[in-house]
file query_29.cif (mmCIF, C-alpha atoms)
data_my_file
loop_
_atom_site.label_atom_id
_atom_site.label_comp_id
_atom_site.auth_asym_id
_atom_site.auth_seq_id
_atom_site.Cartn_x
_atom_site.Cartn_y
_atom_site.Cartn_z
CA MET A 1 36.79 -205.17 46.20
CA THR A 2 37.92 -208.75 45.67
CA GLN A 3 37.52 -210.33 42.23
CA ASP A 4 37.90 -213.99 41.32
CA SER A 5 38.92 -212.93 37.81
CA LEU A 6 40.97 -210.10 36.37
CA THR A 7 40.80 -208.73 32.84
CA LEU A 8 44.17 -207.62 31.48
CA ALA A 9 45.01 -205.66 28.34
CA LEU A 10 48.41 -206.21 26.71
CA ALA A 11 49.27 -202.86 25.12
CA GLN A 12 52.07 -203.84 22.73
CA GLN A 13 53.14 -200.43 21.46
CA ASP A 14 55.81 -198.67 19.43
CA ILE A 15 57.52 -195.86 21.38
CA ILE A 16 58.47 -192.46 20.01
CA TRP A 17 62.01 -191.64 21.15
CA GLU A 18 62.22 -189.12 23.99
CA SER A 19 58.76 -187.70 23.28
CA PRO A 20 56.52 -188.03 26.36
CA ALA A 21 53.70 -185.92 24.91
CA GLU A 22 53.32 -188.11 21.82
CA ASN A 23 53.64 -191.35 23.77
CA LEU A 24 51.11 -190.22 26.36
CA GLN A 25 48.61 -189.56 23.58
CA VAL A 26 49.17 -193.10 22.30
CA MET A 27 48.56 -194.38 25.82
CA ARG A 28 45.37 -192.35 26.19
CA ASN A 29 43.98 -193.67 22.91
CA THR A 30 44.71 -197.26 23.96
CA VAL A 31 43.28 -196.87 27.46
CA ALA A 32 40.07 -195.44 25.98
CA GLU A 33 39.72 -198.47 23.69
CA VAL A 34 40.47 -201.20 26.23
CA ALA A 35 38.10 -199.59 28.73
CA THR A 36 35.21 -200.39 26.37
CA GLN A 37 36.24 -204.07 26.54
CA GLY A 38 36.09 -204.26 30.32
CA ALA A 39 39.81 -204.22 31.08
CA ASP A 40 40.70 -203.92 34.77
CA ILE A 41 44.38 -203.28 34.04
CA VAL A 42 46.22 -202.16 30.90
CA VAL A 43 49.96 -202.89 30.75
CA PHE A 44 52.33 -200.87 28.57
CA PRO A 45 56.01 -201.57 27.76
CA GLU A 46 59.00 -200.44 29.80
CA VAL A 47 59.94 -196.72 29.61
CA MET A 48 56.77 -196.10 27.63
CA THR A 49 57.05 -192.32 27.76
CA THR A 50 60.58 -192.04 26.27
CA GLY A 51 61.98 -195.32 25.02
CA PHE A 52 65.13 -196.90 26.48
CA SER A 53 67.20 -193.72 26.44
CA MET A 54 69.99 -193.31 28.95
CA ASN A 55 69.96 -189.55 28.45
CA VAL A 56 68.57 -189.47 31.96
CA GLU A 57 69.34 -185.86 32.81
CA ALA A 58 67.14 -184.76 29.92
CA ILE A 59 64.26 -187.24 30.20
CA ALA A 60 63.88 -187.95 33.93
CA GLU A 61 60.93 -186.37 35.72
CA PRO A 62 60.72 -185.63 39.45
CA PHE A 63 58.66 -188.42 40.91
CA ASP A 64 56.70 -186.21 43.28
CA ALA A 65 55.80 -183.70 40.52
CA SER A 66 55.87 -185.68 37.29
CA PRO A 67 53.72 -184.21 34.49
CA SER A 68 53.61 -187.60 32.76
CA LEU A 69 52.50 -189.39 35.89
CA GLN A 70 49.82 -186.78 36.52
CA GLU A 71 48.55 -187.31 32.97
CA VAL A 72 48.42 -191.09 33.52
CA GLN A 73 46.49 -190.56 36.75
CA ALA A 74 43.98 -188.48 34.79
CA MET A 75 43.62 -191.26 32.19
CA ALA A 76 43.05 -193.91 34.86
CA ARG A 77 40.37 -191.80 36.54
CA CYS A 78 38.67 -190.89 33.27
CA TYR A 79 38.40 -194.43 31.92
CA GLY A 80 38.25 -196.47 35.14
CA VAL A 81 41.23 -198.66 34.22
CA ALA A 82 44.43 -199.25 36.19
CA ILE A 83 47.56 -198.49 34.15
CA VAL A 84 51.00 -200.11 34.39
CA PHE A 85 54.12 -198.72 32.72
CA SER A 86 57.64 -197.63 33.61
CA MET A 87 59.43 -194.31 33.26
CA ILE A 88 62.71 -192.71 34.29
CA VAL A 89 62.29 -190.63 37.44
CA LYS A 90 64.56 -188.58 39.65
CA GLU A 91 64.24 -188.83 43.41
CA LYS A 92 66.70 -187.65 46.05
CA GLU A 93 69.35 -186.92 43.40
CA LYS A 94 69.17 -190.47 42.03
CA TYR A 95 67.61 -191.79 38.85
CA HIS A 96 65.33 -194.84 38.81
CA ASN A 97 63.60 -196.93 36.16
CA ARG A 98 60.31 -196.96 38.05
CA ILE A 99 57.43 -199.31 37.30
CA CYS A 100 54.22 -197.52 38.20
CA PHE A 101 50.79 -199.03 38.86
CA VAL A 102 48.20 -196.27 38.77
CA THR A 103 44.66 -197.05 39.94
CA PRO A 104 41.44 -195.33 38.81
CA GLU A 105 41.35 -193.72 42.25
CA GLY A 106 44.67 -192.06 41.48
CA VAL A 107 46.71 -194.22 43.86
CA ILE A 108 50.26 -194.90 42.66
CA PHE A 109 51.99 -198.14 43.60
CA TYR A 110 55.54 -198.52 42.35
CA GLN A 111 58.54 -200.81 42.18
CA ASP A 112 61.99 -199.79 40.96
CA LYS A 113 63.87 -202.01 38.54
CA ARG A 114 66.41 -204.13 40.38
CA HIS A 115 68.62 -205.57 37.63
CA LEU A 116 70.03 -202.86 35.40
CA PHE A 117 71.01 -203.72 31.84
CA ARG A 118 74.74 -202.96 31.93
CA MET A 119 75.21 -203.82 28.25
CA GLY A 120 72.99 -200.84 27.40
CA GLY A 121 74.56 -198.46 29.92
CA GLU A 122 71.67 -198.62 32.36
CA ALA A 123 73.82 -199.72 35.31
CA LYS A 124 75.89 -196.52 35.02
CA ALA A 125 72.93 -194.17 34.84
CA ILE A 126 70.25 -195.72 37.04
CA SER A 127 70.11 -196.74 40.72
CA PRO A 128 68.76 -200.24 41.48
CA ALA A 129 65.85 -201.17 43.72
CA ARG A 130 66.74 -201.79 47.35
CA GLU A 131 63.51 -203.59 48.18
CA ARG A 132 60.82 -205.67 46.53
CA ARG A 133 57.16 -204.81 47.02
CA ILE A 134 54.07 -206.93 46.50
CA ILE A 135 50.98 -204.85 45.76
CA SER A 136 47.34 -205.84 46.13
CA TYR A 137 44.63 -204.90 43.66
CA LYS A 138 41.06 -206.22 43.54
CA GLY A 139 42.08 -209.16 45.72
CA TRP A 140 45.06 -210.13 43.54
CA ASN A 141 48.64 -209.90 44.79
CA ILE A 142 50.98 -208.59 42.10
CA LEU A 143 54.75 -208.36 41.61
CA LEU A 144 56.00 -205.70 39.20
CA ILE A 145 59.31 -206.18 37.38
CA ALA A 146 61.02 -204.58 34.38
CA CYS A 147 62.61 -206.37 31.44
CA TYR A 148 66.07 -207.63 32.52
CA ASP A 149 64.68 -208.49 35.99
CA MET A 150 63.04 -211.54 34.44
CA ARG A 151 66.41 -213.21 33.88
CA PHE A 152 66.90 -213.47 37.65
CA PRO A 153 64.68 -216.14 39.23
CA VAL A 154 65.68 -215.34 42.81
CA TRP A 155 64.26 -211.81 42.53
CA CYS A 156 61.09 -213.22 40.96
CA ARG A 157 60.75 -216.08 43.44
CA ASN A 158 57.19 -216.53 44.70
CA ARG A 159 57.81 -217.43 48.33
CA ASN A 160 54.79 -219.11 49.94
CA ASN A 161 52.53 -217.98 47.10
CA GLU A 162 52.84 -214.33 48.11
CA TYR A 163 51.82 -213.17 44.63
CA ASP A 164 49.29 -214.35 42.05
CA LEU A 165 50.40 -212.32 39.05
CA LEU A 166 53.82 -211.19 37.85
CA ILE A 167 53.80 -208.24 35.43
CA ASP A 168 56.91 -207.60 33.36
CA VAL A 169 57.16 -204.40 31.31
CA ALA A 170 59.94 -204.68 28.73
CA ASN A 171 62.10 -203.32 25.92
CA TRP A 172 63.46 -206.73 24.84
CA PRO A 173 65.15 -206.72 21.40
CA GLU A 174 64.61 -209.19 18.58
CA PRO A 175 67.96 -211.08 18.83
CA ARG A 176 66.92 -212.38 22.27
CA ARG A 177 63.22 -212.97 21.60
CA LEU A 178 63.51 -216.73 22.26
CA VAL A 179 64.93 -215.95 25.70
CA TRP A 180 61.99 -213.62 26.38
CA SER A 181 59.36 -216.21 25.45
CA THR A 182 61.14 -218.98 27.33
CA LEU A 183 61.52 -216.98 30.53
CA LEU A 184 57.88 -215.91 30.52
CA ARG A 185 56.91 -219.57 30.72
CA ALA A 186 59.63 -220.51 33.17
CA ARG A 187 58.68 -217.76 35.63
CA ALA A 188 55.01 -218.80 35.45
CA MET A 189 55.62 -222.52 35.93
CA GLU A 190 58.24 -222.30 38.66
CA ASN A 191 56.19 -219.80 40.66
CA LEU A 192 52.70 -221.27 40.11
CA ALA A 193 51.47 -217.82 39.12
CA TYR A 194 50.19 -215.97 36.07
CA VAL A 195 52.78 -213.97 34.15
CA CYS A 196 51.92 -210.98 31.98
CA GLY A 197 54.81 -209.80 29.81
CA VAL A 198 54.42 -206.71 27.60
CA ASN A 199 57.23 -205.81 25.21
CA ARG A 200 57.49 -202.96 22.70
CA VAL A 201 57.60 -203.18 18.91
CA GLY A 202 59.27 -201.04 16.26
CA VAL A 203 62.82 -199.70 15.94
CA ASP A 204 64.41 -197.37 18.49
CA ALA A 205 66.90 -194.53 17.98
CA GLU A 206 69.79 -196.93 18.59
CA GLY A 207 68.65 -199.12 15.68
CA LEU A 208 67.40 -201.98 17.87
CA VAL A 209 64.42 -203.90 16.50
CA TYR A 210 61.65 -205.16 18.80
CA THR A 211 59.15 -207.88 17.90
CA GLY A 212 56.83 -207.63 20.89
CA ASP A 213 55.89 -211.26 21.57
CA SER A 214 53.77 -209.98 24.47
CA ALA A 215 51.81 -212.67 26.27
CA ILE A 216 49.89 -213.82 29.30
CA ILE A 217 51.00 -217.24 30.56
CA ASP A 218 49.09 -219.35 33.08
CA PRO A 219 50.71 -221.25 36.01
CA ARG A 220 50.98 -224.39 33.88
CA GLY A 221 52.93 -222.54 31.18
CA LYS A 222 50.05 -222.30 28.71
CA GLU A 223 49.27 -219.16 26.73
CA VAL A 224 46.17 -217.28 27.78
CA ALA A 225 46.74 -214.53 25.20
CA THR A 226 49.46 -213.47 22.78
CA ALA A 227 49.97 -210.34 20.72
CA THR A 228 50.86 -210.51 17.04
CA GLU A 229 54.60 -210.23 16.50
CA ARG A 230 55.87 -206.85 15.27
CA ILE A 231 52.38 -205.31 15.38
CA HIS A 232 51.36 -202.24 17.37
CA GLU A 233 48.16 -203.54 18.97
CA TYR A 234 46.45 -204.57 22.17
CA LYS A 235 44.98 -207.87 23.34
CA VAL A 236 42.44 -208.28 26.14
CA ALA A 237 42.08 -211.50 28.16
CA THR A 238 40.74 -212.65 31.52
CA ILE A 239 42.62 -214.71 34.09
CA GLU A 240 40.88 -216.78 36.75
CA LYS A 241 42.04 -217.37 40.31
CA ALA A 242 40.32 -220.73 40.89
CA PRO A 243 42.46 -222.85 38.48
CA MET A 244 45.64 -221.40 39.98
CA GLU A 245 44.54 -222.14 43.52
CA LYS A 246 43.53 -225.67 42.53
CA LEU A 247 46.98 -226.29 41.02
CA ARG A 248 48.75 -224.91 44.10
CA LYS A 249 46.74 -227.24 46.31
CA LYS A 250 47.25 -230.29 44.09
CA PHE A 251 50.92 -229.65 43.32
CA PRO A 252 52.39 -227.61 46.22
CA VAL A 253 55.99 -227.38 45.05
CA TYR A 254 56.40 -224.11 46.94
CA LEU A 255 56.50 -226.10 50.19
CA ASP A 256 59.86 -227.55 49.12
CA ALA A 257 61.46 -224.28 48.05
CA ASP A 258 64.86 -223.33 49.46
CA GLU A 259 65.16 -220.51 51.98
CA PHE A 260 67.46 -217.64 51.04
CA THR A 261 68.28 -213.99 51.65
CA ILE A 262 69.05 -211.35 49.04
CA HIS A 263 71.80 -209.09 50.34
CA GLY A 264 71.04 -205.39 49.98
CA ALA A 265 67.32 -205.89 49.49
CA THR A 266 64.29 -206.48 51.66
CA LEU A 267 61.89 -209.25 50.68
#
call {"tool": "encode", "arguments": {"input": "query_29.cif", "output": "structure tokens"}}
result
Amino acid sequence: MTQDSLTLALAQQDIIWESPAENLQVMRNTVAEVATQGADIVVFPEVMTTGFSMNVEAIAEPFDASPSLQEVQAMARCYGVAIVFSMIVKEKEKYHNRICFVTPEGVIFYQDKRHLFRMGGEAKAISPARERRIISYKGWNILLIACYDMRFPVWCRNRNNEYDLLIDVANWPEPRRLVWSTLLRARAMENLAYVCGVNRVGVDAEGLVYTGDSAIIDPRGKEVATATERIHEYKVATIEKAPMEKLRKKFPVYLDADEFTIHGATL
């Protein structure tokens, strides 16, 4: 089914360290609430089930038999809402920070994180994405990225308007919150697409503080919705395809974009 509009829920949440059961209950409660407000998609922060722990041998779940992912599938079916989040998975003896898009029909689309945060040890523990996927949902083309990916405009580049919405799930700490907010707008404006960025709040086990600053930005760089800083909450807002398409027709900067190839990845 194709929709001219899409209703998104920003689920700006605290995360309980290395406790999937507790975090999944938080997710279920939120999904139940946003479903009553007509959300098509609810977006949670990066590594929502565990927090940004690099204790991967203990927290990773097998992707093809993940209890957490099965629970999220059940939530999506029960409430009729697509759910986006990331988790640490193990597949073919490698660990991935995997962004999952779970539909109410139980279908799982996914994209692995490409740019691994070496300053936090992620590059030593996790394997990077080797390809970039664009998924389609309700007539909208969507690119999924995780946190640090947003610093890299080549990976996010919207070639020939291949996507309409970029979703970034994040654990982006307070000291760099200005960077987060700035890049959300930059990625939207340079790619003539909507950007939905959902960051966590609270304090993690490493002592890092997170302010959230979750937002939906339109292709002109204007805020469609913003979450309250430092607050565990959700915000629901609707994005429209027509204004984006009008801007792309009136101001087709994508026609002048440079051609390029990313080595080691398929675009």
call {"tool": "residues_around", "arguments": {"input": "query_29.cif", "residues": "region 236-249 of chain A", "least_positions_apart": "2", "cutoff": "9 Å", "atoms": "only C-alpha atoms", "output": "count of residues only"}}
result
31
call {"tool": "resolve_selection", "arguments": {"input": "query_29.cif", "expression": "the PyMOL selection byres ((chain A and resi 116) around 9)", "output": "compact mmCIF listing (two decimals) with C-alpha atoms, keeping the file's coordinate frame"}}
result
# COMPACT_ATOMS: atom_id res chain seq x y z
CA ASN A 97 63.60 -196.93 36.16
CA LYS A 113 63.87 -202.01 38.54
CA ARG A 114 66.41 -204.13 40.38
CA HIS A 115 68.62 -205.57 37.63
CA PHE A 117 71.01 -203.72 31.84
CA ARG A 118 74.74 -202.96 31.93
CA MET A 119 75.21 -203.82 28.25
CA GLY A 120 72.99 -200.84 27.40
CA GLY A 121 74.56 -198.46 29.92
CA GLU A 122 71.67 -198.62 32.36
CA ALA A 123 73.82 -199.72 35.31
CA LYS A 124 75.89 -196.52 35.02
CA ILE A 126 70.25 -195.72 37.04
CA SER A 127 70.11 -196.74 40.72
CA PRO A 128 68.76 -200.24 41.48
CA TYR A 148 66.07 -207.63 32.52
CA ASP A 149 64.68 -208.49 35.99
call {"tool": "atom_distance", "arguments": {"input": "query_29.cif", "atom1": "CA of Asp112 (chain A)", "atom2": "CA of Pro20 (chain A)"}}
result
19.5 Å
call {"tool": "closest_residue", "arguments": {"input": "query_29.cif", "among": "A:Thr36, A:Asn199, A:Ser19, A:Thr2", "to": "His232 (chain A)", "atoms": "only C-alpha atoms"}}
result
A:Asn199
call {"tool": "closest_residue", "arguments": {"input": "query_29.cif", "among": "A:Tyr210, A:Phe109, A:Tyr79, A:Tyr95", "to": "Pro62 (chain A)", "atoms": "all atoms listed in the file"}}
result
A:Tyr95
call {"tool": "atom_distance", "arguments": {"input": "query_29.cif", "atom1": "CA of Arg177 (chain A)", "atom2": "CA of Ser214 (chain A)"}}
result
10.3 Å
call {"tool": "atom_distance", "arguments": {"input": "query_29.cif", "atom1": "CA of Ala60 (chain A)", "atom2": "CA of Val89 (chain A)"}}
result
4.7 Å
call {"tool": "resolve_selection", "arguments": {"input": "query_29.cif", "expression": "the PyMOL selection byres ((chain A and resi 68) around 10)", "output": "list in words"}}
result
Pro20, Ala21, Asn23, Leu24, Thr49, Glu61, Pro62, Phe63, Ala65, Ser66, Pro67, Leu69, Gln70, Glu71, Val72, Gln73, Ala74 and Met87 of chain A
call {"tool": "resolve_selection", "arguments": {"input": "query_29.cif", "expression": "the PyMOL selection byres ((chain A and resi 131) around 7)", "output": "ChimeraX atom specification"}}
result
/A:129-130,132-133,265-267
call {"tool": "closest_residue", "arguments": {"input": "query_29.cif", "among": "A:Asp40, A:Glu233, A:Glu259, A:Glu46", "to": "Ile83 (chain A)", "atoms": "only C-alpha atoms"}}
result
A:Asp40
call {"tool": "closest_residue", "arguments": {"input": "query_29.cif", "among": "A:Leu255, A:Val31, A:Ala205, A:Ile59", "to": "Val84 (chain A)", "atoms": "only C-alpha atoms"}}
result
A:Val31
call {"tool": "closest_residue", "arguments": {"input": "query_29.cif", "among": "A:Ile99, A:Glu18, A:Ile262, A:Ile167", "to": "Phe52 (chain A)", "atoms": "all atoms listed in the file"}}
result
A:Glu18
call {"tool": "closest_residue", "arguments": {"input": "query_29.cif", "among": "A:Met1, A:Gln13, A:Ala76, A:Ser136", "to": "Asp213 (chain A)", "atoms": "only C-alpha atoms"}}
result
A:Gln13
call {"tool": "residues_near_point", "arguments": {"input": "query_29.cif", "point": "(60.9, -201.1, 17.0)", "cutoff": "12 Å", "atoms": "only C-alpha atoms", "output": "VMD selection string"}}
result
chain A and resid 12 to 17 45 51 to 52 171 to 174 199 to 212 229 to 232
call {"tool": "build_atoms", "arguments": {"input": "query_29.cif", "residues": "region 201-219 of chain A", "atoms": "N, CA and C atoms", "output": "PDB file, keeping the file's coordinate frame"}}
result
ATOM      1  N   VAL A 201      57.307-202.846  20.306  1.00  0.00           N
ATOM      2  CA  VAL A 201      57.600-203.180  18.910  1.00  0.00           C
ATOM      3  C   VAL A 201      58.267-201.972  18.266  1.00  0.00           C
ATOM      4  N   GLY A 202      58.681-202.144  16.996  1.00  0.00           N
ATOM      5  CA  GLY A 202      59.270-201.040  16.260  1.00  0.00           C
ATOM      6  C   GLY A 202      60.792-201.020  16.345  1.00  0.00           C
ATOM      7  N   VAL A 203      61.369-199.893  15.956  1.00  0.00           N
ATOM      8  CA  VAL A 203      62.820-199.700  15.940  1.00  0.00           C
ATOM      9  C   VAL A 203      63.130-198.451  16.759  1.00  0.00           C
ATOM     10  N   ASP A 204      64.102-198.547  17.679  1.00  0.00           N
ATOM     11  CA  ASP A 204      64.410-197.370  18.490  1.00  0.00           C
ATOM     12  C   ASP A 204      65.529-196.535  17.865  1.00  0.00           C
ATOM     13  N   ALA A 205      65.902-195.457  18.517  1.00  0.00           N
ATOM     14  CA  ALA A 205      66.900-194.530  17.980  1.00  0.00           C
ATOM     15  C   ALA A 205      68.293-195.129  17.912  1.00  0.00           C
ATOM     16  N   GLU A 206      68.501-196.248  18.633  1.00  0.00           N
ATOM     17  CA  GLU A 206      69.790-196.930  18.590  1.00  0.00           C
ATOM     18  C   GLU A 206      69.833-197.996  17.485  1.00  0.00           C
ATOM     19  N   GLY A 207      68.722-198.138  16.762  1.00  0.00           N
ATOM     20  CA  GLY A 207      68.650-199.120  15.680  1.00  0.00           C
ATOM     21  C   GLY A 207      68.224-200.502  16.119  1.00  0.00           C
ATOM     22  N   LEU A 208      67.839-200.672  17.377  1.00  0.00           N
ATOM     23  CA  LEU A 208      67.400-201.980  17.870  1.00  0.00           C
ATOM     24  C   LEU A 208      65.962-202.251  17.428  1.00  0.00           C
ATOM     25  N   VAL A 209      65.729-203.479  16.985  1.00  0.00           N
ATOM     26  CA  VAL A 209      64.420-203.900  16.500  1.00  0.00           C
ATOM     27  C   VAL A 209      63.723-204.713  17.606  1.00  0.00           C
ATOM     28  N   TYR A 210      62.426-204.476  17.770  1.00  0.00           N
ATOM     29  CA  TYR A 210      61.650-205.160  18.800  1.00  0.00           C
ATOM     30  C   TYR A 210      60.440-205.841  18.161  1.00  0.00           C
ATOM     31  N   THR A 211      60.228-207.101  18.511  1.00  0.00           N
ATOM     32  CA  THR A 211      59.150-207.880  17.900  1.00  0.00           C
ATOM     33  C   THR A 211      57.921-208.036  18.791  1.00  0.00           C
ATOM     34  N   GLY A 212      57.991-207.509  20.013  1.00  0.00           N
ATOM     35  CA  GLY A 212      56.830-207.630  20.890  1.00  0.00           C
ATOM     36  C   GLY A 212      56.783-208.975  21.584  1.00  0.00           C
ATOM     37  N   ASP A 213      56.066-209.930  20.980  1.00  0.00           N
ATOM     38  CA  ASP A 213      55.890-211.260  21.570  1.00  0.00           C
ATOM     39  C   ASP A 213      55.286-211.162  22.973  1.00  0.00           C
ATOM     40  N   SER A 214      54.429-210.172  23.178  1.00  0.00           N
ATOM     41  CA  SER A 214      53.770-209.980  24.470  1.00  0.00           C
ATOM     42  C   SER A 214      52.786-211.121  24.716  1.00  0.00           C
ATOM     43  N   ALA A 215      52.656-211.513  25.976  1.00  0.00           N
ATOM     44  CA  ALA A 215      51.810-212.670  26.270  1.00  0.00           C
ATOM     45  C   ALA A 215      51.393-212.713  27.725  1.00  0.00           C
ATOM     46  N   ILE A 216      50.294-213.423  27.955  1.00  0.00           N
ATOM     47  CA  ILE A 216      49.890-213.820  29.300  1.00  0.00           C
ATOM     48  C   ILE A 216      50.031-215.334  29.366  1.00  0.00           C
ATOM     49  N   ILE A 217      50.747-215.812  30.382  1.00  0.00           N
ATOM     50  CA  ILE A 217      51.000-217.240  30.560  1.00  0.00           C
ATOM     51  C   ILE A 217      50.369-217.704  31.866  1.00  0.00           C
ATOM     52  N   ASP A 218      49.707-218.868  31.848  1.00  0.00           N
ATOM     53  CA  ASP A 218      49.090-219.350  33.080  1.00  0.00           C
ATOM     54  C   ASP A 218      50.093-220.161  33.908  1.00  0.00           C
ATOM     55  N   PRO A 219      49.746-220.558  35.140  1.00  0.00           N
ATOM     56  CA  PRO A 219      50.710-221.250  36.010  1.00  0.00           C
ATOM     57  C   PRO A 219      51.200-222.598  35.477  1.00  0.00           C
TER      58      PRO A 219
END
